[in-house]
>>> print(open('work13.txt').read())   # compact mmCIF, C-alpha atoms
# COMPACT_ATOMS: atom_id res chain seq x y z
CA MET A 1 63.25 104.84 110.45
CA THR A 2 64.07 103.78 106.87
CA ASP A 3 60.36 103.48 106.03
CA ASP A 4 59.55 106.98 107.28
CA THR A 5 58.76 109.81 104.88
CA PHE A 6 60.63 113.10 104.75
CA GLU A 7 57.82 114.79 106.66
CA THR A 8 57.81 112.17 109.42
CA LEU A 9 61.58 112.24 109.88
CA PHE A 10 61.63 116.03 109.78
CA LEU A 11 59.04 116.34 112.54
CA LYS A 12 60.73 113.67 114.69
CA ALA A 13 64.00 115.59 114.39
CA GLU A 14 62.28 118.82 115.41
CA TYR A 15 60.80 117.18 118.50
CA CYS A 16 64.24 115.80 119.38
CA ARG A 17 65.84 119.24 119.15
CA GLU A 18 63.11 121.26 120.87
CA ARG A 19 63.08 118.82 123.77
CA GLY A 20 66.73 119.36 124.47
CA ASN A 21 68.79 117.15 122.15
CA PRO A 22 69.99 119.22 119.16
CA THR A 23 73.04 116.98 118.70
CA GLY A 24 70.86 113.91 118.31
CA ALA A 25 68.56 115.77 115.93
CA ILE A 26 71.25 116.46 113.32
CA PRO A 27 71.53 112.86 112.00
CA MET A 28 67.74 112.71 111.97
CA PHE A 29 67.57 115.79 109.75
CA ASN A 30 70.25 114.23 107.53
CA ALA A 31 68.08 111.12 107.28
CA ALA A 32 65.16 113.35 106.28
CA ILE A 33 67.30 114.93 103.55
CA GLU A 34 67.95 111.46 102.13
CA LYS A 35 64.17 111.05 101.76
CA ALA A 36 63.62 114.52 100.29
CA VAL A 37 61.76 114.71 96.99
CA SER A 38 62.46 118.38 96.23
CA LYS A 39 65.19 120.98 96.57
CA THR A 40 62.95 122.96 98.89
CA GLN A 41 62.78 120.06 101.34
CA ILE A 42 66.58 119.74 101.29
CA TRP A 43 67.05 123.45 101.94
CA LEU A 44 64.49 123.57 104.74
CA ALA A 45 66.05 120.55 106.47
CA SER A 46 69.48 122.17 106.08
CA LEU A 47 68.18 125.30 107.82
CA GLN A 48 66.96 123.12 110.67
CA ILE A 49 70.45 121.64 111.01
CA GLY A 50 71.68 125.21 111.28
CA LEU A 51 69.15 125.76 114.06
CA CYS A 52 70.55 122.70 115.84
CA PHE A 53 73.99 124.35 115.81
CA GLU A 54 72.36 127.51 117.14
CA HIS A 55 70.77 125.57 120.00
CA MET A 56 74.19 124.04 120.72
CA GLY A 57 75.70 127.52 120.99
CA ASP A 58 77.74 127.24 117.77
CA TYR A 59 76.46 130.47 116.25
CA GLY A 60 79.24 130.74 113.68
CA GLN A 61 78.44 127.34 112.20
CA ALA A 62 74.73 128.13 112.27
CA GLU A 63 75.28 131.41 110.41
CA ASP A 64 77.38 129.63 107.76
CA VAL A 65 74.54 127.18 107.13
CA TYR A 66 71.92 129.94 106.95
CA GLU A 67 74.05 132.04 104.59
CA SER A 68 74.69 129.08 102.29
CA VAL A 69 71.00 128.25 102.00
CA LEU A 70 70.12 131.93 101.53
CA HIS A 71 72.51 132.32 98.60
CA VAL A 72 71.23 129.17 96.90
CA ALA A 73 67.59 130.18 97.44
CA GLN A 74 68.25 133.63 95.96
CA TRP A 75 70.06 132.07 93.00
CA GLU A 76 67.18 129.65 92.40
CA GLY A 77 64.52 132.31 92.98
CA ASN A 78 62.84 130.41 95.82
CA ALA A 79 61.17 133.21 97.78
CA SER A 80 59.77 131.01 100.54
CA VAL A 81 63.16 129.50 101.41
CA GLU A 82 64.87 132.90 101.09
CA MET A 83 62.36 134.34 103.57
CA THR A 84 62.94 131.48 106.00
CA ALA A 85 66.74 131.75 105.74
CA LEU A 86 66.56 135.49 106.45
CA ARG A 87 64.43 134.80 109.50
CA HIS A 88 67.02 132.35 110.83
CA LEU A 89 69.86 134.81 110.17
CA LEU A 90 67.97 137.45 112.13
CA SER A 91 68.32 135.37 115.30
CA ILE A 92 72.10 135.22 114.87
CA MET A 93 72.21 138.99 114.41
CA VAL A 94 70.21 139.50 117.60
CA HIS A 95 72.58 137.20 119.48
CA ASP A 96 75.57 139.17 118.15
CA ASN A 97 73.89 142.47 119.15
CA ARG A 98 73.62 143.52 115.49
CA THR A 99 70.13 144.73 116.25
CA LEU A 100 69.74 147.32 113.48
CA GLU A 101 70.84 144.77 110.89
CA ALA A 102 68.42 142.27 112.45
CA ILE A 103 65.52 144.72 112.13
CA GLN A 104 66.37 145.40 108.48
CA THR A 105 66.57 141.66 107.84
CA GLY A 106 63.23 141.14 109.58
CA HIS A 107 61.61 143.73 107.33
CA LYS A 108 63.08 141.98 104.27
CA ALA A 109 61.65 138.64 105.37
CA LEU A 110 58.27 140.22 106.07
CA ALA A 111 58.23 141.93 102.66
CA ILE A 112 58.93 138.62 100.92
CA MET A 113 56.20 136.93 102.93
CA ARG A 114 53.68 139.59 101.91
CA SER A 115 54.63 139.11 98.25
CA LEU A 116 53.75 135.41 98.31
CA PRO A 117 50.44 134.39 96.68
CA GLU A 118 49.12 133.08 100.00
CA PRO A 119 50.29 133.20 103.63
CA PRO A 120 52.89 130.53 104.47
CA PRO A 121 52.19 128.20 107.42
CA ASN A 122 55.04 129.82 109.37
CA ALA A 123 53.83 133.41 108.85
CA VAL A 124 53.54 134.01 112.60
CA TRP A 125 57.16 132.92 113.08
CA ILE A 126 58.33 135.38 110.41
CA THR A 127 56.48 138.24 112.10
CA HIS A 128 57.79 137.18 115.51
CA GLY A 129 61.31 137.46 114.12
CA LEU A 130 60.86 141.16 113.47
CA CYS A 131 59.35 141.59 116.94
CA LYS A 132 62.35 139.79 118.41
CA ALA A 133 64.73 142.20 116.70
CA LEU A 134 62.68 145.24 117.73
CA LYS A 135 62.63 144.07 121.35
CA ALA A 136 66.39 143.53 121.31
CA ARG A 137 66.83 147.16 120.24
CA GLN A 138 64.29 148.30 122.85
CA SER A 139 62.04 149.79 120.19
CA PRO A 140 58.77 151.56 121.11
CA ARG A 141 56.26 149.14 122.59
CA ASP A 142 53.42 150.35 120.37
CA ILE A 143 55.29 149.12 117.28
CA VAL A 144 55.58 145.63 118.76
CA ALA A 145 51.95 145.82 119.92
CA LYS A 146 50.81 146.46 116.34
CA LEU A 147 52.85 143.55 115.01
CA SER A 148 51.52 141.35 117.83
CA LEU A 149 47.99 141.85 116.50
CA GLN A 150 49.19 140.59 113.13
CA GLU A 151 50.89 137.67 114.88
CA PHE A 152 47.64 136.73 116.59
CA LYS A 153 45.83 136.53 113.24
CA GLU A 154 48.67 134.44 111.81
CA LEU A 155 48.61 132.18 114.84
CA LYS A 156 44.90 131.54 114.30
CA TYR A 157 45.61 130.85 110.63
CA ALA A 158 48.30 128.32 111.57
CA ARG A 159 45.85 126.54 113.82
CA LYS A 160 43.15 126.61 111.15
CA ILE A 161 45.33 124.91 108.54
CA GLY A 162 46.46 122.30 111.08
CA VAL A 163 50.18 122.87 111.59
CA PRO A 164 51.87 120.30 113.86
CA PRO A 165 51.26 120.97 117.58
CA LEU A 166 55.01 121.43 118.15
CA HIS A 167 55.13 124.33 115.70
CA TYR A 168 51.97 125.90 117.06
CA ASN A 169 53.16 125.76 120.66
CA VAL A 170 56.59 127.21 119.88
CA TRP A 171 54.98 130.04 117.90
CA LEU A 172 52.43 130.57 120.67
CA THR A 173 55.18 131.16 123.22
CA GLY A 174 56.81 133.63 120.84
CA TRP A 175 53.59 135.61 120.50
CA LEU A 176 53.06 135.58 124.26
CA SER A 177 56.55 136.96 124.86
CA ASP A 178 55.90 139.73 122.34
CA MET A 179 52.64 140.59 124.08
CA ALA A 180 54.54 140.74 127.38
CA TYR A 181 56.88 143.36 125.92
CA ALA A 182 54.09 145.32 124.24
CA HIS A 183 51.88 145.44 127.34
CA VAL A 184 54.40 145.77 130.13
CA ALA A 185 51.86 146.51 132.89
CA ILE A 186 50.42 143.00 132.58
CA GLY A 187 53.45 141.46 130.92
CA TRP A 188 53.96 138.93 133.69
CA LEU A 189 50.63 137.29 132.81
CA PHE A 190 51.77 136.63 129.25
CA LEU A 191 55.18 135.39 130.40
CA PHE A 192 53.56 133.05 132.90
CA ALA A 193 51.31 131.67 130.17
CA ALA A 194 54.32 131.17 127.88
CA LEU A 195 56.18 129.39 130.67
CA CYS A 196 53.21 127.07 131.26
CA VAL A 197 52.99 126.22 127.54
CA SER A 198 56.73 125.49 127.46
CA ILE A 199 56.61 123.24 130.53
CA ALA A 200 53.47 121.40 129.41
CA ASN A 201 54.99 120.63 126.01
CA ARG A 202 58.54 119.98 127.23
CA LEU A 203 60.01 122.77 125.12
CA SER A 204 63.46 122.65 126.71
CA PHE A 205 65.06 125.33 124.57
CA ARG A 206 62.17 127.72 125.16
CA LEU A 207 62.59 127.24 128.91
CA LYS A 208 66.29 128.04 128.56
CA GLN A 209 65.40 131.21 126.65
CA PHE A 210 63.04 132.30 129.40
CA LYS A 211 65.75 131.77 132.02
CA THR A 212 68.24 133.90 130.08
CA GLY A 213 65.69 136.54 129.05
CA ASN A 214 66.32 135.83 125.34
CA ARG A 215 62.71 135.40 124.22
>>> encode(input="work13.txt", output="structure tokens")
Amino acid sequence: MTDDTFETLFLKAEYCRERGNPTGAIPMFNAAIEKAVSKTQIWLASLQIGLCFEHMGDYGQAEDVYESVLHVAQWEGNASVEMTALRHLLSIMVHDNRTLEAIQTGHKALAIMRSLPEPPPNAVWITHGLCKALKARQSPRDIVAKLSLQEFKELKYARKIGVPPLHYNVWLTGWLSDMAYAHVAIGWLFLFAALCVSIANRLSFRLKQFKTGNR
């Protein structure tokens, strides 16, 4: 592991977490931080540690991590990390039933994303965050349907630039769940497809979300 790059360690840690071992992923993210060559890499890995806490059900600890990174990113003027931290915080707000705050936070993240000189690789995940908040508040389906069209374009962009398969498949399941909400008459088809993607790629946390209805 000592010869691995930041990118390699980061992706290994993500696989470990998404396949059901967030506790084991934390030291792997810490190892990635030791190999980081920029502040941005340190902050992004720190956010992933926060996500590990979230997967473990420690939402308070996760929120503390997200808030800390958000404040530093705002202080440093790093828009990309600020956007990503807001997106993570949105999930905590949804969990705590702070749905209006989550929607406002989702709009902030989306506004930052649109101000960037070019779309970030995780654009579809940012848009899905707003959809997630809107669904939690049972917002009109046509609003989510419109955002889902944007998600689809961003999903194709992610594939075009060659994001890791893990990222693509997680984002794909998110888009499918949004489509299920937007098009309720055939929603079961999208949910079935998302379930198949999750099973085929051993996305343990996604499967847990489907069981609890927290998609």
>>> closest_residue(input="work13.txt", among="A:Gly57, A:Ala145, A:Arg98, A:Val124", to="Tyr168 of chain A", atoms="all atoms listed in the file")
A:Val124
>>> residues_near_point(input="work13.txt", point="(76.8, 127.5, 117.0)", cutoff="12 Å", atoms="only C-alpha atoms", output="list in words")
Pro22, Thr23, Ile49, Gly50, Leu51, Cys52, Phe53, Glu54, His55, Met56, Gly57, Asp58, Tyr59, Gly60, Gln61, Ala62, Glu63, Asp64, Val65, Tyr66, Ser91, Ile92, His95 and Asp96 of chain A
>>> write_last_selection(input="work13.txt", atoms="C-alpha atoms", output="compact mmCIF listing (two decimals), in the frame of the given file")
# COMPACT_ATOMS: atom_id res chain seq x y z
CA PRO A 22 69.99 119.22 119.16
CA THR A 23 73.04 116.98 118.70
CA ILE A 49 70.45 121.64 111.01
CA GLY A 50 71.68 125.21 111.28
CA LEU A 51 69.15 125.76 114.06
CA CYS A 52 70.55 122.70 115.84
CA PHE A 53 73.99 124.35 115.81
CA GLU A 54 72.36 127.51 117.14
CA HIS A 55 70.77 125.57 120.00
CA MET A 56 74.19 124.04 120.72
CA GLY A 57 75.70 127.52 120.99
CA ASP A 58 77.74 127.24 117.77
CA TYR A 59 76.46 130.47 116.25
CA GLY A 60 79.24 130.74 113.68
CA GLN A 61 78.44 127.34 112.20
CA ALA A 62 74.73 128.13 112.27
CA GLU A 63 75.28 131.41 110.41
CA ASP A 64 77.38 129.63 107.76
CA VAL A 65 74.54 127.18 107.13
CA TYR A 66 71.92 129.94 106.95
CA SER A 91 68.32 135.37 115.30
CA ILE A 92 72.10 135.22 114.87
CA HIS A 95 72.58 137.20 119.48
CA ASP A 96 75.57 139.17 118.15
>>> residues_around(input="work13.txt", residues="Ser80 of chain A", least_positions_apart="2", cutoff="12 Å", atoms="only C-alpha atoms", output="short mmCIF file (atom, residue, chain, number, x, y, z; two decimals) with C-alpha atoms, keeping the file's coordinate frame")
data_model
loop_
_atom_site.label_atom_id
_atom_site.label_comp_id
_atom_site.auth_asym_id
_atom_site.auth_seq_id
_atom_site.Cartn_x
_atom_site.Cartn_y
_atom_site.Cartn_z
CA THR A 40 62.95 122.96 98.89
CA GLN A 41 62.78 120.06 101.34
CA TRP A 43 67.05 123.45 101.94
CA LEU A 44 64.49 123.57 104.74
CA VAL A 69 71.00 128.25 102.00
CA LEU A 70 70.12 131.93 101.53
CA ALA A 73 67.59 130.18 97.44
CA GLN A 74 68.25 133.63 95.96
CA GLU A 76 67.18 129.65 92.40
CA GLY A 77 64.52 132.31 92.98
CA ASN A 78 62.84 130.41 95.82
CA GLU A 82 64.87 132.90 101.09
CA MET A 83 62.36 134.34 103.57
CA THR A 84 62.94 131.48 106.00
CA ALA A 85 66.74 131.75 105.74
CA LEU A 86 66.56 135.49 106.45
CA ARG A 87 64.43 134.80 109.50
CA ALA A 109 61.65 138.64 105.37
CA LEU A 110 58.27 140.22 106.07
CA ALA A 111 58.23 141.93 102.66
CA ILE A 112 58.93 138.62 100.92
CA MET A 113 56.20 136.93 102.93
CA ARG A 114 53.68 139.59 101.91
CA SER A 115 54.63 139.11 98.25
CA LEU A 116 53.75 135.41 98.31
CA PRO A 117 50.44 134.39 96.68
CA GLU A 118 49.12 133.08 100.00
CA PRO A 119 50.29 133.20 103.63
CA PRO A 120 52.89 130.53 104.47
CA PRO A 121 52.19 128.20 107.42
CA ASN A 122 55.04 129.82 109.37
CA ALA A 123 53.83 133.41 108.85
CA ILE A 126 58.33 135.38 110.41
#
>>> closest_residue(input="work13.txt", among="A:Trp175, A:Leu134, A:Gly20, A:Ala200", to="Gly187 of chain A", atoms="only C-alpha atoms")
A:Trp175
>>> closest_residue(input="work13.txt", among="A:Ser177, A:Arg137, A:Leu189, A:Glu18", to="Asn201 of chain A", atoms="all atoms listed in the file")
A:Glu18
>>> build_atoms(input="work13.txt", residues="segment 75-100 of chain A", atoms="N, CA and C atoms", output="PDB file, in the frame of the given file")
ATOM      1  N   TRP A  75      69.623 132.464  94.346  1.00  0.00           N
ATOM      2  CA  TRP A  75      70.060 132.070  93.000  1.00  0.00           C
ATOM      3  C   TRP A  75      68.944 131.320  92.274  1.00  0.00           C
ATOM      4  N   GLU A  76      68.246 130.463  93.001  1.00  0.00           N
ATOM      5  CA  GLU A  76      67.180 129.650  92.400  1.00  0.00           C
ATOM      6  C   GLU A  76      65.851 130.406  92.323  1.00  0.00           C
ATOM      7  N   GLY A  77      65.766 131.550  92.989  1.00  0.00           N
ATOM      8  CA  GLY A  77      64.520 132.310  92.980  1.00  0.00           C
ATOM      9  C   GLY A  77      63.427 131.702  93.828  1.00  0.00           C
ATOM     10  N   ASN A  78      63.817 131.028  94.914  1.00  0.00           N
ATOM     11  CA  ASN A  78      62.840 130.410  95.820  1.00  0.00           C
ATOM     12  C   ASN A  78      62.556 131.381  96.963  1.00  0.00           C
ATOM     13  N   ALA A  79      61.481 132.150  96.819  1.00  0.00           N
ATOM     14  CA  ALA A  79      61.170 133.210  97.780  1.00  0.00           C
ATOM     15  C   ALA A  79      60.868 132.672  99.167  1.00  0.00           C
ATOM     16  N   SER A  80      60.166 131.560  99.242  1.00  0.00           N
ATOM     17  CA  SER A  80      59.770 131.010 100.540  1.00  0.00           C
ATOM     18  C   SER A  80      60.995 130.589 101.360  1.00  0.00           C
ATOM     19  N   VAL A  81      61.943 129.919 100.711  1.00  0.00           N
ATOM     20  CA  VAL A  81      63.160 129.500 101.410  1.00  0.00           C
ATOM     21  C   VAL A  81      64.036 130.707 101.738  1.00  0.00           C
ATOM     22  N   GLU A  82      64.105 131.670 100.824  1.00  0.00           N
ATOM     23  CA  GLU A  82      64.870 132.900 101.090  1.00  0.00           C
ATOM     24  C   GLU A  82      64.327 133.604 102.331  1.00  0.00           C
ATOM     25  N   MET A  83      63.010 133.720 102.412  1.00  0.00           N
ATOM     26  CA  MET A  83      62.360 134.340 103.570  1.00  0.00           C
ATOM     27  C   MET A  83      62.718 133.611 104.859  1.00  0.00           C
ATOM     28  N   THR A  84      62.672 132.284 104.813  1.00  0.00           N
ATOM     29  CA  THR A  84      62.940 131.480 106.000  1.00  0.00           C
ATOM     30  C   THR A  84      64.408 131.584 106.418  1.00  0.00           C
ATOM     31  N   ALA A  85      65.307 131.608 105.438  1.00  0.00           N
ATOM     32  CA  ALA A  85      66.740 131.750 105.740  1.00  0.00           C
ATOM     33  C   ALA A  85      67.030 133.110 106.374  1.00  0.00           C
ATOM     34  N   LEU A  86      66.390 134.153 105.867  1.00  0.00           N
ATOM     35  CA  LEU A  86      66.560 135.490 106.450  1.00  0.00           C
ATOM     36  C   LEU A  86      66.086 135.515 107.897  1.00  0.00           C
ATOM     37  N   ARG A  87      64.972 134.843 108.140  1.00  0.00           N
ATOM     38  CA  ARG A  87      64.430 134.800 109.500  1.00  0.00           C
ATOM     39  C   ARG A  87      65.402 134.111 110.458  1.00  0.00           C
ATOM     40  N   HIS A  88      66.029 133.033 109.993  1.00  0.00           N
ATOM     41  CA  HIS A  88      67.020 132.350 110.830  1.00  0.00           C
ATOM     42  C   HIS A  88      68.236 133.248 111.073  1.00  0.00           C
ATOM     43  N   LEU A  89      68.694 133.927 110.032  1.00  0.00           N
ATOM     44  CA  LEU A  89      69.860 134.810 110.170  1.00  0.00           C
ATOM     45  C   LEU A  89      69.585 135.930 111.168  1.00  0.00           C
ATOM     46  N   LEU A  90      68.361 136.394 111.201  1.00  0.00           N
ATOM     47  CA  LEU A  90      67.970 137.450 112.130  1.00  0.00           C
ATOM     48  C   LEU A  90      68.298 137.068 113.576  1.00  0.00           C
ATOM     49  N   SER A  91      68.054 135.821 113.927  1.00  0.00           N
ATOM     50  CA  SER A  91      68.320 135.370 115.300  1.00  0.00           C
ATOM     51  C   SER A  91      69.805 135.446 115.638  1.00  0.00           C
ATOM     52  N   ILE A  92      70.653 135.120 114.658  1.00  0.00           N
ATOM     53  CA  ILE A  92      72.100 135.220 114.870  1.00  0.00           C
ATOM     54  C   ILE A  92      72.490 136.678 115.085  1.00  0.00           C
ATOM     55  N   MET A  93      71.906 137.557 114.288  1.00  0.00           N
ATOM     56  CA  MET A  93      72.210 138.990 114.410  1.00  0.00           C
ATOM     57  C   MET A  93      71.803 139.524 115.780  1.00  0.00           C
ATOM     58  N   VAL A  94      70.649 139.086 116.271  1.00  0.00           N
ATOM     59  CA  VAL A  94      70.210 139.500 117.600  1.00  0.00           C
ATOM     60  C   VAL A  94      71.200 139.011 118.651  1.00  0.00           C
ATOM     61  N   HIS A  95      71.624 137.752 118.524  1.00  0.00           N
ATOM     62  CA  HIS A  95      72.580 137.200 119.480  1.00  0.00           C
ATOM     63  C   HIS A  95      73.886 137.989 119.477  1.00  0.00           C
ATOM     64  N   ASP A  96      74.316 138.429 118.288  1.00  0.00           N
ATOM     65  CA  ASP A  96      75.570 139.170 118.150  1.00  0.00           C
ATOM     66  C   ASP A  96      75.403 140.669 118.421  1.00  0.00           C
ATOM     67  N   ASN A  97      74.204 141.059 118.855  1.00  0.00           N
ATOM     68  CA  ASN A  97      73.890 142.470 119.150  1.00  0.00           C
ATOM     69  C   ASN A  97      73.960 143.354 117.907  1.00  0.00           C
ATOM     70  N   ARG A  98      73.720 142.756 116.746  1.00  0.00           N
ATOM     71  CA  ARG A  98      73.620 143.520 115.490  1.00  0.00           C
ATOM     72  C   ARG A  98      72.146 143.840 115.273  1.00  0.00           C
ATOM     73  N   THR A  99      71.587 144.590 116.201  1.00  0.00           N
ATOM     74  CA  THR A  99      70.130 144.730 116.250  1.00  0.00           C
ATOM     75  C   THR A  99      69.553 145.517 115.079  1.00  0.00           C
ATOM     76  N   LEU A 100      70.249 146.552 114.622  1.00  0.00           N
ATOM     77  CA  LEU A 100      69.740 147.320 113.480  1.00  0.00           C
ATOM     78  C   LEU A 100      69.711 146.457 112.232  1.00  0.00           C
TER      79      LEU A 100
END
